[in-house]
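Next comes work17.cif, with mmCIF, C-alpha atoms.
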data_start
#
loop_
_atom_site.label_atom_id
_atom_site.label_comp_id
_atom_site.auth_asym_id
_atom_site.auth_seq_id
_atom_site.Cartn_x
_atom_site.Cartn_y
_atom_site.Cartn_z
CA MET Z 1 -83.59 -100.11 -34.03
CA PRO Z 2 -82.22 -97.88 -36.78
CA ALA Z 3 -78.47 -97.36 -36.66
CA THR Z 4 -77.50 -94.06 -35.12
CA ARG Z 5 -75.09 -91.79 -36.99
CA PRO Z 6 -71.89 -91.16 -35.02
CA GLN Z 7 -71.75 -87.60 -33.78
CA THR Z 8 -68.69 -85.44 -34.31
CA THR Z 9 -67.87 -83.39 -31.26
CA VAL Z 10 -67.66 -79.62 -31.64
CA PRO Z 11 -63.94 -79.39 -30.65
CA ALA Z 12 -63.05 -82.16 -33.14
CA ALA Z 13 -65.00 -80.46 -35.94
CA ALA Z 14 -63.44 -77.11 -35.11
CA GLU Z 15 -59.97 -78.68 -35.10
CA LYS Z 16 -60.65 -80.25 -38.52
CA ILE Z 17 -61.80 -76.93 -39.96
CA SER Z 18 -58.81 -75.17 -38.41
CA ARG Z 19 -56.43 -77.74 -39.90
CA LYS Z 20 -58.02 -77.34 -43.34
CA GLY Z 21 -57.74 -73.56 -43.06
CA PHE Z 22 -54.07 -73.81 -42.07
CA LEU Z 23 -53.25 -76.17 -44.94
CA ARG Z 24 -55.13 -73.93 -47.37
CA ASN Z 25 -53.24 -70.84 -46.22
CA LEU Z 26 -49.95 -72.74 -46.34
CA GLY Z 27 -50.71 -73.85 -49.90
CA ILE Z 28 -51.52 -70.29 -50.95
CA PHE Z 29 -48.31 -69.04 -49.31
CA PHE Z 30 -46.14 -71.51 -51.23
CA ALA Z 31 -47.97 -70.61 -54.45
CA LEU Z 32 -47.37 -66.89 -53.95
CA ILE Z 33 -43.85 -66.84 -52.48
CA GLY Z 34 -40.89 -66.02 -54.64
CA PRO Z 35 -40.17 -62.30 -55.06
CA GLY Z 36 -39.19 -61.68 -51.42
CA ILE Z 37 -37.10 -64.82 -50.91
CA ILE Z 38 -35.37 -64.56 -54.30
CA THR Z 39 -34.60 -60.84 -53.97
CA SER Z 40 -33.11 -61.21 -50.50
CA ASN Z 41 -31.06 -64.31 -51.25
CA VAL Z 42 -29.58 -63.02 -54.48
CA ASP Z 43 -28.25 -60.09 -52.46
CA ASN Z 44 -25.66 -62.57 -51.14
CA ASP Z 45 -23.91 -62.38 -54.51
CA ALA Z 46 -20.18 -62.55 -55.27
CA GLY Z 47 -19.65 -58.95 -54.16
CA GLY Z 48 -21.64 -59.56 -51.00
CA ILE Z 49 -19.77 -62.76 -50.14
CA THR Z 50 -16.48 -60.95 -50.75
CA THR Z 51 -17.58 -58.12 -48.47
CA TYR Z 52 -18.69 -60.53 -45.73
CA SER Z 53 -15.43 -62.49 -46.07
CA LEU Z 54 -13.37 -59.30 -45.76
CA ALA Z 55 -15.46 -58.11 -42.80
CA GLY Z 56 -14.79 -61.33 -40.90
CA SER Z 57 -11.16 -61.77 -41.90
CA GLU Z 58 -10.13 -58.14 -41.22
CA PHE Z 59 -12.31 -57.18 -38.25
CA GLY Z 60 -13.16 -60.53 -36.67
CA LEU Z 61 -16.53 -60.65 -34.94
CA THR Z 62 -16.75 -56.90 -34.25
CA LEU Z 63 -19.11 -56.18 -37.17
CA LEU Z 64 -21.56 -59.03 -36.52
CA TRP Z 65 -23.90 -56.74 -34.58
CA VAL Z 66 -24.53 -54.66 -37.73
CA LEU Z 67 -26.63 -57.56 -39.06
CA ILE Z 68 -29.33 -57.05 -36.40
CA PRO Z 69 -30.40 -53.49 -37.29
CA THR Z 70 -29.96 -54.18 -41.02
CA THR Z 71 -32.31 -57.18 -40.74
CA LEU Z 72 -35.02 -54.95 -39.27
CA ALA Z 73 -34.34 -52.21 -41.82
CA LEU Z 74 -34.42 -54.68 -44.73
CA ILE Z 75 -37.77 -56.11 -43.60
CA VAL Z 76 -39.29 -52.63 -43.38
CA ILE Z 77 -37.91 -51.44 -46.73
CA GLN Z 78 -38.78 -54.61 -48.64
CA GLU Z 79 -42.26 -54.70 -47.13
CA MET Z 80 -42.92 -51.16 -48.36
CA CYS Z 81 -41.88 -52.07 -51.92
CA ALA Z 82 -43.96 -55.26 -51.92
CA ARG Z 83 -46.93 -53.27 -50.64
CA MET Z 84 -46.51 -50.64 -53.36
CA GLY Z 85 -46.32 -53.40 -55.96
CA VAL Z 86 -49.51 -55.23 -54.92
CA VAL Z 87 -51.50 -52.00 -54.42
CA SER Z 88 -50.38 -49.92 -57.41
CA GLY Z 89 -49.63 -52.71 -59.89
CA LYS Z 90 -46.61 -50.68 -61.04
CA GLY Z 91 -42.85 -50.96 -60.64
CA LEU Z 92 -40.85 -48.54 -58.49
CA SER Z 93 -39.11 -46.76 -61.37
CA GLU Z 94 -42.46 -46.22 -63.14
CA LEU Z 95 -43.91 -44.62 -59.99
CA ILE Z 96 -40.81 -42.44 -59.60
CA ARG Z 97 -41.16 -41.20 -63.21
CA GLU Z 98 -44.85 -40.43 -62.74
CA ARG Z 99 -44.29 -38.65 -59.41
CA PHE Z 100 -40.95 -36.85 -59.93
CA GLY Z 101 -40.63 -36.47 -63.69
CA ALA Z 102 -38.35 -37.72 -66.46
CA LYS Z 103 -35.25 -35.67 -65.58
CA VAL Z 104 -34.89 -36.99 -62.03
CA THR Z 105 -35.65 -40.51 -63.25
CA PHE Z 106 -33.00 -40.30 -65.99
CA TYR Z 107 -30.17 -39.40 -63.60
CA LEU Z 108 -31.30 -42.05 -61.11
CA MET Z 109 -31.30 -44.66 -63.88
CA VAL Z 110 -27.76 -43.70 -64.94
CA ALA Z 111 -26.51 -44.10 -61.35
CA LEU Z 112 -28.29 -47.45 -60.97
CA PHE Z 113 -26.99 -48.75 -64.30
CA LEU Z 114 -23.38 -47.97 -63.39
CA THR Z 115 -23.75 -49.49 -59.92
CA ASN Z 116 -25.46 -52.60 -61.25
CA PHE Z 117 -22.83 -52.95 -63.96
CA GLY Z 118 -20.13 -53.08 -61.29
CA ASN Z 119 -22.17 -55.72 -59.47
CA ALA Z 120 -22.63 -57.73 -62.67
CA ILE Z 121 -18.86 -57.76 -63.26
CA SER Z 122 -18.29 -58.96 -59.70
CA ASN Z 123 -20.69 -61.87 -60.17
CA PHE Z 124 -18.90 -63.18 -63.25
CA ALA Z 125 -15.67 -62.71 -61.30
CA GLY Z 126 -17.22 -64.92 -58.65
CA VAL Z 127 -18.01 -67.59 -61.24
CA ALA Z 128 -14.42 -67.49 -62.51
CA ALA Z 129 -12.92 -67.57 -58.99
CA SER Z 130 -15.08 -70.45 -57.74
CA MET Z 131 -14.50 -72.61 -60.81
CA GLU Z 132 -10.73 -72.01 -60.67
CA ILE Z 133 -10.78 -73.67 -57.25
CA PHE Z 134 -12.16 -76.76 -59.01
CA GLY Z 135 -9.50 -76.46 -61.74
CA VAL Z 136 -11.63 -74.88 -64.51
CA SER Z 137 -10.23 -71.89 -66.44
CA LYS Z 138 -12.22 -68.65 -66.50
CA TYR Z 139 -12.02 -68.70 -70.31
CA ILE Z 140 -14.29 -71.76 -70.17
CA SER Z 141 -16.47 -71.10 -67.11
CA VAL Z 142 -17.37 -67.45 -67.79
CA PRO Z 143 -18.62 -67.82 -71.41
CA LEU Z 144 -20.55 -70.98 -70.53
CA SER Z 145 -22.16 -69.39 -67.45
CA ALA Z 146 -23.02 -66.22 -69.42
CA PHE Z 147 -24.77 -68.27 -72.10
CA PHE Z 148 -26.60 -70.35 -69.46
CA VAL Z 149 -28.07 -67.38 -67.56
CA TRP Z 150 -28.95 -65.62 -70.84
CA TRP Z 151 -30.73 -68.71 -72.20
CA LEU Z 152 -32.52 -69.33 -68.89
CA VAL Z 153 -34.24 -65.94 -68.87
CA VAL Z 154 -34.71 -65.27 -72.59
CA LYS Z 155 -36.23 -68.68 -73.30
CA GLY Z 156 -38.26 -69.04 -70.09
CA SER Z 157 -41.43 -67.54 -68.59
CA TYR Z 158 -41.76 -65.88 -65.19
CA LYS Z 159 -42.97 -69.13 -63.58
CA SER Z 160 -40.18 -71.31 -65.00
CA VAL Z 161 -37.46 -68.79 -64.14
CA GLU Z 162 -38.82 -68.32 -60.62
CA LYS Z 163 -38.71 -72.09 -59.97
CA VAL Z 164 -35.03 -72.23 -60.93
CA PHE Z 165 -34.25 -69.24 -58.71
CA LEU Z 166 -36.07 -70.76 -55.72
CA VAL Z 167 -34.04 -73.96 -56.08
CA ALA Z 168 -30.85 -71.86 -56.18
CA CYS Z 169 -31.86 -70.27 -52.86
CA PHE Z 170 -31.68 -73.67 -51.16
CA PHE Z 171 -27.97 -74.13 -51.90
CA TYR Z 172 -26.97 -71.21 -49.66
CA ILE Z 173 -27.14 -73.85 -46.93
CA SER Z 174 -23.55 -74.74 -47.90
CA TYR Z 175 -22.35 -71.65 -45.96
CA ILE Z 176 -24.27 -72.69 -42.87
CA ILE Z 177 -22.73 -76.17 -43.00
CA SER Z 178 -19.27 -74.60 -43.47
CA GLY Z 179 -19.84 -72.49 -40.36
CA PHE Z 180 -20.56 -75.55 -38.20
CA LEU Z 181 -17.53 -77.38 -39.62
CA ALA Z 182 -15.30 -74.65 -38.15
CA LYS Z 183 -16.52 -75.57 -34.59
CA PRO Z 184 -16.72 -71.98 -33.29
CA ASP Z 185 -17.13 -70.72 -29.73
CA TRP Z 186 -20.87 -69.98 -29.80
CA ALA Z 187 -20.88 -68.16 -26.44
CA LEU Z 188 -18.29 -65.64 -27.65
CA ILE Z 189 -20.13 -65.21 -30.94
CA GLY Z 190 -23.42 -64.56 -29.16
CA GLU Z 191 -21.75 -61.93 -26.98
CA GLN Z 192 -20.25 -60.14 -30.01
CA LEU Z 193 -23.55 -60.30 -31.88
CA ILE Z 194 -25.39 -58.25 -29.24
CA THR Z 195 -22.49 -55.92 -28.35
CA PRO Z 196 -22.24 -52.94 -30.73
CA THR Z 197 -18.68 -51.88 -31.58
CA ILE Z 198 -17.95 -48.64 -33.44
CA ARG Z 199 -14.52 -47.40 -34.48
CA PHE Z 200 -14.20 -43.98 -36.06
CA GLU Z 201 -11.62 -45.21 -38.53
CA ALA Z 202 -11.89 -44.97 -42.33
CA ASP Z 203 -11.44 -48.70 -42.95
CA PHE Z 204 -13.96 -49.72 -40.29
CA LEU Z 205 -16.62 -47.22 -41.41
CA THR Z 206 -16.10 -48.08 -45.07
CA MET Z 207 -16.63 -51.74 -44.26
CA ALA Z 208 -19.76 -50.92 -42.23
CA VAL Z 209 -21.20 -48.95 -45.18
CA GLY Z 210 -20.21 -51.81 -47.49
CA LEU Z 211 -22.05 -54.33 -45.27
CA VAL Z 212 -25.20 -52.22 -45.31
CA GLY Z 213 -24.81 -51.56 -49.05
CA THR Z 214 -24.51 -55.23 -49.90
CA THR Z 215 -27.34 -56.24 -47.55
CA ILE Z 216 -29.82 -53.49 -48.50
CA ALA Z 217 -28.87 -52.67 -52.09
CA PRO Z 218 -30.83 -50.11 -54.18
CA TRP Z 219 -31.41 -52.57 -57.05
CA MET Z 220 -33.23 -54.95 -54.69
CA GLN Z 221 -36.11 -52.54 -54.15
CA PHE Z 222 -36.64 -52.08 -57.87
CA TYR Z 223 -36.42 -55.80 -58.62
CA LEU Z 224 -38.70 -56.84 -55.77
CA GLN Z 225 -41.49 -54.46 -56.76
CA SER Z 226 -41.15 -55.35 -60.46
CA SER Z 227 -41.26 -59.10 -59.78
CA VAL Z 228 -44.31 -58.69 -57.53
CA VAL Z 229 -46.05 -56.93 -60.41
CA ASP Z 230 -44.82 -59.45 -63.02
CA LYS Z 231 -46.02 -62.33 -60.82
CA GLY Z 232 -49.47 -60.75 -60.83
CA LEU Z 233 -49.91 -60.32 -57.06
CA LYS Z 234 -52.79 -58.08 -55.98
CA ALA Z 235 -53.80 -56.21 -52.82
CA GLU Z 236 -55.65 -59.28 -51.53
CA ASP Z 237 -52.33 -61.19 -51.65
CA TYR Z 238 -50.58 -58.60 -49.47
CA GLN Z 239 -50.34 -60.71 -46.28
CA TYR Z 240 -48.59 -63.51 -48.19
CA ALA Z 241 -46.25 -61.06 -49.94
CA ARG Z 242 -45.35 -59.62 -46.53
CA MET Z 243 -44.55 -63.08 -45.09
CA ASP Z 244 -42.44 -63.80 -48.17
CA VAL Z 245 -40.44 -60.61 -47.56
CA ILE Z 246 -39.93 -61.28 -43.84
CA PHE Z 247 -38.80 -64.87 -44.42
CA GLY Z 248 -36.36 -63.82 -47.16
CA SER Z 249 -34.93 -60.95 -45.11
CA VAL Z 250 -34.17 -63.24 -42.17
CA ILE Z 251 -32.62 -65.98 -44.31
CA VAL Z 252 -30.24 -63.61 -46.12
CA HIS Z 253 -28.86 -62.38 -42.80
CA VAL Z 254 -28.46 -65.91 -41.43
CA VAL Z 255 -26.22 -66.70 -44.43
CA ALA Z 256 -24.30 -63.42 -43.99
CA PHE Z 257 -23.83 -64.22 -40.29
CA PHE Z 258 -22.27 -67.60 -41.04
CA ILE Z 259 -19.89 -66.20 -43.68
CA ILE Z 260 -18.62 -63.40 -41.39
CA MET Z 261 -18.40 -65.75 -38.41
CA LEU Z 262 -16.59 -68.46 -40.37
CA CYS Z 263 -13.93 -66.07 -41.67
CA ALA Z 264 -13.58 -64.44 -38.24
CA VAL Z 265 -12.96 -67.64 -36.26
CA THR Z 266 -10.56 -69.07 -38.84
CA ILE Z 267 -8.82 -66.55 -41.11
CA PHE Z 268 -8.85 -63.57 -38.71
CA GLN Z 269 -7.59 -65.63 -35.78
CA ALA Z 270 -4.85 -67.10 -37.96
CA GLY Z 271 -3.76 -63.59 -39.01
CA ILE Z 272 -4.11 -64.37 -42.74
CA LYS Z 273 -4.75 -61.51 -45.19
CA ILE Z 274 -7.19 -62.14 -48.01
CA GLU Z 275 -8.48 -60.02 -50.88
CA THR Z 276 -11.22 -62.15 -52.46
CA ALA Z 277 -13.83 -64.75 -51.62
CA LYS Z 278 -11.62 -67.22 -53.51
CA ASP Z 279 -8.74 -66.42 -51.12
CA ALA Z 280 -11.12 -67.02 -48.22
CA ALA Z 281 -12.18 -70.42 -49.59
CA LEU Z 282 -8.58 -71.54 -50.12
CA ALA Z 283 -7.47 -70.24 -46.72
CA LEU Z 284 -10.12 -72.39 -45.04
CA ALA Z 285 -8.53 -75.68 -46.18
CA PRO Z 286 -5.72 -75.83 -43.56
CA LEU Z 287 -7.88 -74.11 -40.93
CA ALA Z 288 -11.22 -75.92 -41.20
CA GLY Z 289 -10.65 -78.74 -43.70
CA LYS Z 290 -10.93 -79.25 -47.45
CA TYR Z 291 -14.66 -79.97 -47.25
CA CYS Z 292 -15.19 -76.51 -45.81
CA THR Z 293 -13.25 -75.05 -48.76
CA TRP Z 294 -15.32 -76.99 -51.29
CA LEU Z 295 -18.60 -75.97 -49.66
CA PHE Z 296 -17.51 -72.32 -49.57
CA ALA Z 297 -16.48 -72.46 -53.24
CA PHE Z 298 -19.72 -74.18 -54.25
CA GLY Z 299 -21.72 -71.53 -52.40
CA LEU Z 300 -19.77 -68.82 -54.24
CA LEU Z 301 -20.51 -70.46 -57.61
CA ASN Z 302 -24.22 -70.81 -56.83
CA ALA Z 303 -24.47 -67.23 -55.57
CA SER Z 304 -22.57 -65.84 -58.56
CA LEU Z 305 -24.69 -67.65 -61.16
CA PHE Z 306 -27.86 -66.72 -59.28
CA ALA Z 307 -26.96 -63.03 -59.12
CA ALA Z 308 -25.56 -63.00 -62.68
CA SER Z 309 -29.14 -63.74 -63.75
CA ILE Z 310 -30.96 -61.42 -61.35
CA LEU Z 311 -28.87 -58.22 -61.51
CA PRO Z 312 -29.11 -57.77 -65.31
CA LEU Z 313 -32.80 -58.70 -65.02
CA SER Z 314 -33.30 -56.07 -62.32
CA THR Z 315 -31.55 -53.47 -64.49
CA ALA Z 316 -33.74 -54.33 -67.48
CA TYR Z 317 -36.92 -54.15 -65.37
CA THR Z 318 -35.93 -50.84 -63.80
CA ILE Z 319 -34.86 -48.95 -66.93
CA CYS Z 320 -37.68 -50.23 -69.13
CA GLU Z 321 -40.30 -49.30 -66.54
CA ALA Z 322 -38.72 -45.87 -66.13
CA PHE Z 323 -39.06 -45.12 -69.85
CA GLY Z 324 -42.40 -46.84 -70.40
CA TRP Z 325 -41.07 -49.81 -72.41
CA GLU Z 326 -42.51 -53.31 -72.20
CA SER Z 327 -40.90 -55.25 -69.34
CA SER Z 328 -42.02 -58.78 -68.53
CA LEU Z 329 -40.60 -62.30 -68.57
CA ASN Z 330 -43.95 -63.42 -69.94
CA ARG Z 331 -43.26 -61.54 -73.19
CA LYS Z 332 -41.21 -62.84 -76.10
CA PHE Z 333 -38.04 -61.13 -77.36
CA ALA Z 334 -39.91 -59.52 -80.28
CA GLU Z 335 -42.58 -58.16 -77.92
CA ALA Z 336 -40.07 -56.61 -75.46
CA PRO Z 337 -36.86 -55.92 -77.44
CA GLN Z 338 -35.58 -53.18 -75.11
CA PHE Z 339 -36.12 -55.37 -72.04
CA TYR Z 340 -34.30 -58.42 -73.38
CA GLY Z 341 -31.76 -56.24 -75.21
CA LEU Z 342 -30.70 -54.54 -71.95
CA TYR Z 343 -30.56 -57.90 -70.19
CA SER Z 344 -28.35 -59.35 -72.93
CA LEU Z 345 -26.10 -56.26 -72.98
CA MET Z 346 -25.47 -56.41 -69.23
CA ILE Z 347 -24.53 -60.09 -69.40
CA PHE Z 348 -22.30 -59.67 -72.46
CA LEU Z 349 -20.42 -56.66 -71.03
CA GLY Z 350 -20.13 -58.12 -67.52
CA ALA Z 351 -18.73 -61.42 -68.79
CA SER Z 352 -16.42 -59.76 -71.33
CA VAL Z 353 -14.69 -57.57 -68.73
CA ILE Z 354 -13.67 -60.64 -66.71
CA LEU Z 355 -11.90 -62.15 -69.71
CA PHE Z 356 -9.47 -59.23 -69.95
CA PRO Z 357 -6.20 -59.81 -68.06
CA ASN Z 358 -5.11 -57.59 -65.16
CA ILE Z 359 -8.57 -56.15 -64.47
CA PRO Z 360 -8.65 -54.74 -60.88
CA LEU Z 361 -11.54 -56.90 -59.74
CA ILE Z 362 -11.21 -56.35 -56.00
CA PRO Z 363 -11.81 -52.59 -56.08
CA ILE Z 364 -14.71 -53.12 -58.51
CA MET Z 365 -16.32 -55.79 -56.31
CA PHE Z 366 -15.86 -54.01 -52.99
CA TYR Z 367 -16.52 -50.40 -53.96
CA SER Z 368 -19.62 -51.34 -55.96
CA GLN Z 369 -21.05 -52.40 -52.58
CA VAL Z 370 -19.95 -49.10 -51.01
CA ILE Z 371 -21.63 -47.15 -53.83
CA ASN Z 372 -24.77 -49.18 -53.12
CA GLY Z 373 -24.64 -47.89 -49.55
CA LEU Z 374 -24.15 -44.29 -50.71
CA LEU Z 375 -27.01 -44.43 -53.23
CA LEU Z 376 -29.45 -46.19 -50.93
CA PRO Z 377 -30.56 -43.14 -48.84
CA PHE Z 378 -31.71 -41.34 -52.00
CA VAL Z 379 -33.71 -44.35 -53.16
CA LEU Z 380 -35.25 -44.67 -49.69
CA ILE Z 381 -36.38 -41.05 -49.78
CA PHE Z 382 -38.23 -41.73 -53.05
CA ILE Z 383 -39.80 -44.85 -51.53
CA LEU Z 384 -40.95 -42.99 -48.40
CA ILE Z 385 -42.58 -40.20 -50.39
CA LEU Z 386 -44.39 -42.69 -52.63
CA ILE Z 387 -45.52 -45.05 -49.87
CA ASN Z 388 -47.10 -42.12 -47.98
CA ASP Z 389 -48.92 -40.78 -51.06
CA ARG Z 390 -52.62 -41.58 -50.59
CA LYS Z 391 -53.30 -41.02 -54.29
CA ILE Z 392 -51.13 -44.08 -54.97
CA MET Z 393 -51.59 -46.17 -51.83
CA GLY Z 394 -55.04 -45.25 -50.51
CA THR Z 395 -55.44 -46.81 -47.05
CA TYR Z 396 -52.17 -48.77 -47.45
CA VAL Z 397 -49.93 -45.80 -46.54
CA ASN Z 398 -47.28 -46.17 -43.83
CA GLY Z 399 -47.99 -45.95 -40.13
CA TRP Z 400 -45.80 -43.79 -37.89
CA VAL Z 401 -43.72 -46.75 -36.67
CA LEU Z 402 -42.65 -47.76 -40.19
CA ASN Z 403 -41.92 -44.13 -41.06
CA LEU Z 404 -39.80 -43.75 -37.92
CA ILE Z 405 -37.71 -46.86 -38.69
CA SER Z 406 -37.28 -45.74 -42.30
CA TYR Z 407 -36.14 -42.23 -41.34
CA LEU Z 408 -33.73 -43.63 -38.74
CA THR Z 409 -32.27 -45.92 -41.42
CA ILE Z 410 -31.74 -42.98 -43.77
CA ILE Z 411 -30.14 -40.86 -41.03
CA ALA Z 412 -27.84 -43.74 -39.99
CA LEU Z 413 -26.71 -44.31 -43.60
CA ILE Z 414 -26.05 -40.61 -44.19
CA PHE Z 415 -24.09 -40.45 -40.91
CA LEU Z 416 -22.00 -43.52 -41.78
CA SER Z 417 -21.32 -42.23 -45.29
CA GLY Z 418 -20.35 -38.78 -44.00
CA MET Z 419 -18.02 -40.22 -41.36
CA MET Z 420 -16.45 -42.51 -43.93
CA PHE Z 421 -15.57 -39.60 -46.22
CA TYR Z 422 -14.45 -37.40 -43.29
CA THR Z 423 -12.10 -39.98 -41.84
CA SER Z 424 -10.79 -40.83 -45.32
CA LEU Z 425 -9.95 -37.17 -45.99
CA ARG Z 426 -8.22 -36.86 -42.61
#
In structure tokens, how does this file's structure come out?
Amino acid sequence: MPATRPQTTVPAAAEKISRKGFLRNLGIFFALIGPGIITSNVDNDAGGITTYSLAGSEFGLTLLWVLIPTTLALIVIQEMCARMGVVSGKGLSELIRERFGAKVTFYLMVALFLTNFGNAISNFAGVAASMEIFGVSKYISVPLSAFFVWWLVVKGSYKSVEKVFLVACFFYISYIISGFLAKPDWALIGEQLITPTIRFEADFLTMAVGLVGTTIAPWMQFYLQSSVVDKGLKAEDYQYARMDVIFGSVIVHVVAFFIIMLCAVTIFQAGIKIETAKDAALALAPLAGKYCTWLFAFGLLNASLFAASILPLSTAYTICEAFGWESSLNRKFAEAPQFYGLYSLMIFLGASVILFPNIPLIPIMFYSQVINGLLLPFVLIFILILINDRKIMGTYVNGWVLNLISYLTIIALIFLSGMMFYTSLR
């Protein structure tokens, strides 16, 4: 008798096809991720870590709940920018210029440049502070780090730079490990996380605005959309871009949670006053052990170097797109002189300021985050108008739920900003 061919059952065949489809989609996702995860993680820069450290050390666990609504808001805002990028193929500042004209764009670019410059200074301050913990002078660490981030971007392509940035994202795990080393009371933390606390005091409201400003910064929206375009993502890649944004938005808040929590259960409970992230790292040694200090300092160094690359890059993307200049990491210096020139200028100026003695770094680092929070509502209004323009987005315009969340975010930010100024004046 002829040998019979073994039959594959329908469920087994379906399972095999399903597994292949899952692996294929997973492979595509890992090939297309980058802009969302990188943009969100770099938001935990030196200024952000300082703000989180101050929030935990000065107000304990009372501001943890702010991370929940800001997570939702960040997902919605970043998703809109990613969607605009894949559908229009243009950066946010280019769309703003085309829709609102050169005059409005010019003033917006001036405000963004000044805000980003303050952030760039804070990141080189973070490099100096973290390396001083390991016994390295800022006169060595800052010039070397400035040259490294300049060389990385100017000599690389988008793909090579993105790979380095994705590796840098992994090292934020040092803050999570530090949080567990402190052995906190998780029941109390969970209670504070879901219990909103609001104090109508200038310091409390300023810190709340600073937390929002450092978590949902204006520059992030410009960088995300520009990097989506530079990566070459199209409308058919939208579902993967959206997953990238959601994953990044959650991760950035997990890191922020652990920094605030760590400082709250150690420094705040010990009644120690700090002014910088470096102070926070050093204060952790007697409270949670030297390994906790080293991990905190390493996280600060990684975050500072990471952001020292991204923030000048975001500024170069944004301004060059606004004025119609070539802006791409896949171009050489001679092909995009304005783009690389702006990037180089931001790094040179940001690093140079840190080398001057007696520079008031704390106000620069903290209030640059507050200015982010004040500028954000205006940027969000531009985004909402553009994302609902059918001439640009076609069928990819917002639904009513996304519009509602976006408008509530704008109203909440305006309210917080107004109360901050009112209580400060009183």
What lies within 12 Å of Ala111 (chain Z) using all atoms listed in the file, ignoring chain neighbours under 6 positions off, as a PyMOL selection string? chain Z and resi 104-105+117-118+218-219+315+318-319+368+371-372+374-376+378-379
What is the CA of Glu94 (chain Z)-CA of Leu329 (chain Z) distance in Å, reported with one decimal?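 Separating CA of Glu94 (chain Z) from CA of Leu329 (chain Z) is a distance of 17.1 Å.
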If you count all atoms listed in the file, the residue of Z:Ile38, Z:Ser57, Z:Gly394, Z:Leu224 closest to Ile272 (chain Z) turns out to be Z:Ser57
Who sits within 9 Å of region 303-307 of chain Z, only C-alpha atoms, same chain under 2 positions skipped, as a PyMOL selection string: chain Z and resi 41-47+49+119-120+122-127+130+145-146+148-149+165+168-169+171-172+298-301+309-312
My list of candidates is Z:Val250, Z:Ile354, Z:Ile133, Z:Ile121. Which is closest to Ala308 (chain Z) when distances are computed with all atoms listed in the file?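 Of Z:Val250, Z:Ile354, Z:Ile133, Z:Ile121, the one nearest Ala308 (chain Z) is Z:Ile121, counting all atoms listed in the file.
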Which residue is closest to Lys155 (chain Z)? Choose from Z:Asn330, Z:Phe113, Z:Ala297, Z:Arg390 and count all atoms listed in the file.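 Using all atoms listed in the file, the shortest distance to Lys155 (chain Z) belongs to Z:Asn330.
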Can you pull out the residues contacting Leu63 (chain Z)? Cut-off 9 Å, using only C-alpha atoms, and skip same-chain residues under 4 positions away; I want them as a CSV table (one decimal) with C-alpha atoms, in the frame of the given file.
chain,number,residue,atom,x,y,z
Z,55,ALA,CA,-15.5,-58.1,-42.8
Z,56,GLY,CA,-14.8,-61.3,-40.9
Z,59,PHE,CA,-12.3,-57.2,-38.2
Z,67,LEU,CA,-26.6,-57.6,-39.1
Z,192,GLN,CA,-20.2,-60.1,-30.0
Z,193,LEU,CA,-23.6,-60.3,-31.9
Z,196,PRO,CA,-22.2,-52.9,-30.7
Z,197,THR,CA,-18.7,-51.9,-31.6
Z,198,ILE,CA,-18.0,-48.6,-33.4
Z,204,PHE,CA,-14.0,-49.7,-40.3
Z,207,MET,CA,-16.6,-51.7,-44.3
Z,208,ALA,CA,-19.8,-50.9,-42.2
Z,211,LEU,CA,-22.0,-54.3,-45.3
Z,260,ILE,CA,-18.6,-63.4,-41.4
When the PyMOL selection byres ((chain Z and resi 386) around 12) is applied to the file above, which residues end up in the set, as a CSV table (one decimal) with C-alpha atoms, keeping the file's coordinate frame?
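The result, written out as expr_36.csv:
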chain,number,residue,atom,x,y,z
Z,80,MET,CA,-42.9,-51.2,-48.4
Z,81,CYS,CA,-41.9,-52.1,-51.9
Z,83,ARG,CA,-46.9,-53.3,-50.6
Z,84,MET,CA,-46.5,-50.6,-53.4
Z,85,GLY,CA,-46.3,-53.4,-56.0
Z,87,VAL,CA,-51.5,-52.0,-54.4
Z,88,SER,CA,-50.4,-49.9,-57.4
Z,90,LYS,CA,-46.6,-50.7,-61.0
Z,91,GLY,CA,-42.8,-51.0,-60.6
Z,92,LEU,CA,-40.8,-48.5,-58.5
Z,93,SER,CA,-39.1,-46.8,-61.4
Z,94,GLU,CA,-42.5,-46.2,-63.1
Z,95,LEU,CA,-43.9,-44.6,-60.0
Z,96,ILE,CA,-40.8,-42.4,-59.6
Z,97,ARG,CA,-41.2,-41.2,-63.2
Z,98,GLU,CA,-44.8,-40.4,-62.7
Z,99,ARG,CA,-44.3,-38.6,-59.4
Z,100,PHE,CA,-41.0,-36.8,-59.9
Z,379,VAL,CA,-33.7,-44.4,-53.2
Z,380,LEU,CA,-35.2,-44.7,-49.7
Z,381,ILE,CA,-36.4,-41.0,-49.8
Z,382,PHE,CA,-38.2,-41.7,-53.0
Z,383,ILE,CA,-39.8,-44.8,-51.5
Z,384,LEU,CA,-41.0,-43.0,-48.4
Z,385,ILE,CA,-42.6,-40.2,-50.4
Z,387,ILE,CA,-45.5,-45.0,-49.9
Z,388,ASN,CA,-47.1,-42.1,-48.0
Z,389,ASP,CA,-48.9,-40.8,-51.1
Z,390,ARG,CA,-52.6,-41.6,-50.6
Z,391,LYS,CA,-53.3,-41.0,-54.3
Z,392,ILE,CA,-51.1,-44.1,-55.0
Z,393,MET,CA,-51.6,-46.2,-51.8
Z,394,GLY,CA,-55.0,-45.2,-50.5
Z,396,TYR,CA,-52.2,-48.8,-47.4
Z,397,VAL,CA,-49.9,-45.8,-46.5
Z,398,ASN,CA,-47.3,-46.2,-43.8
Z,403,ASN,CA,-41.9,-44.1,-41.1
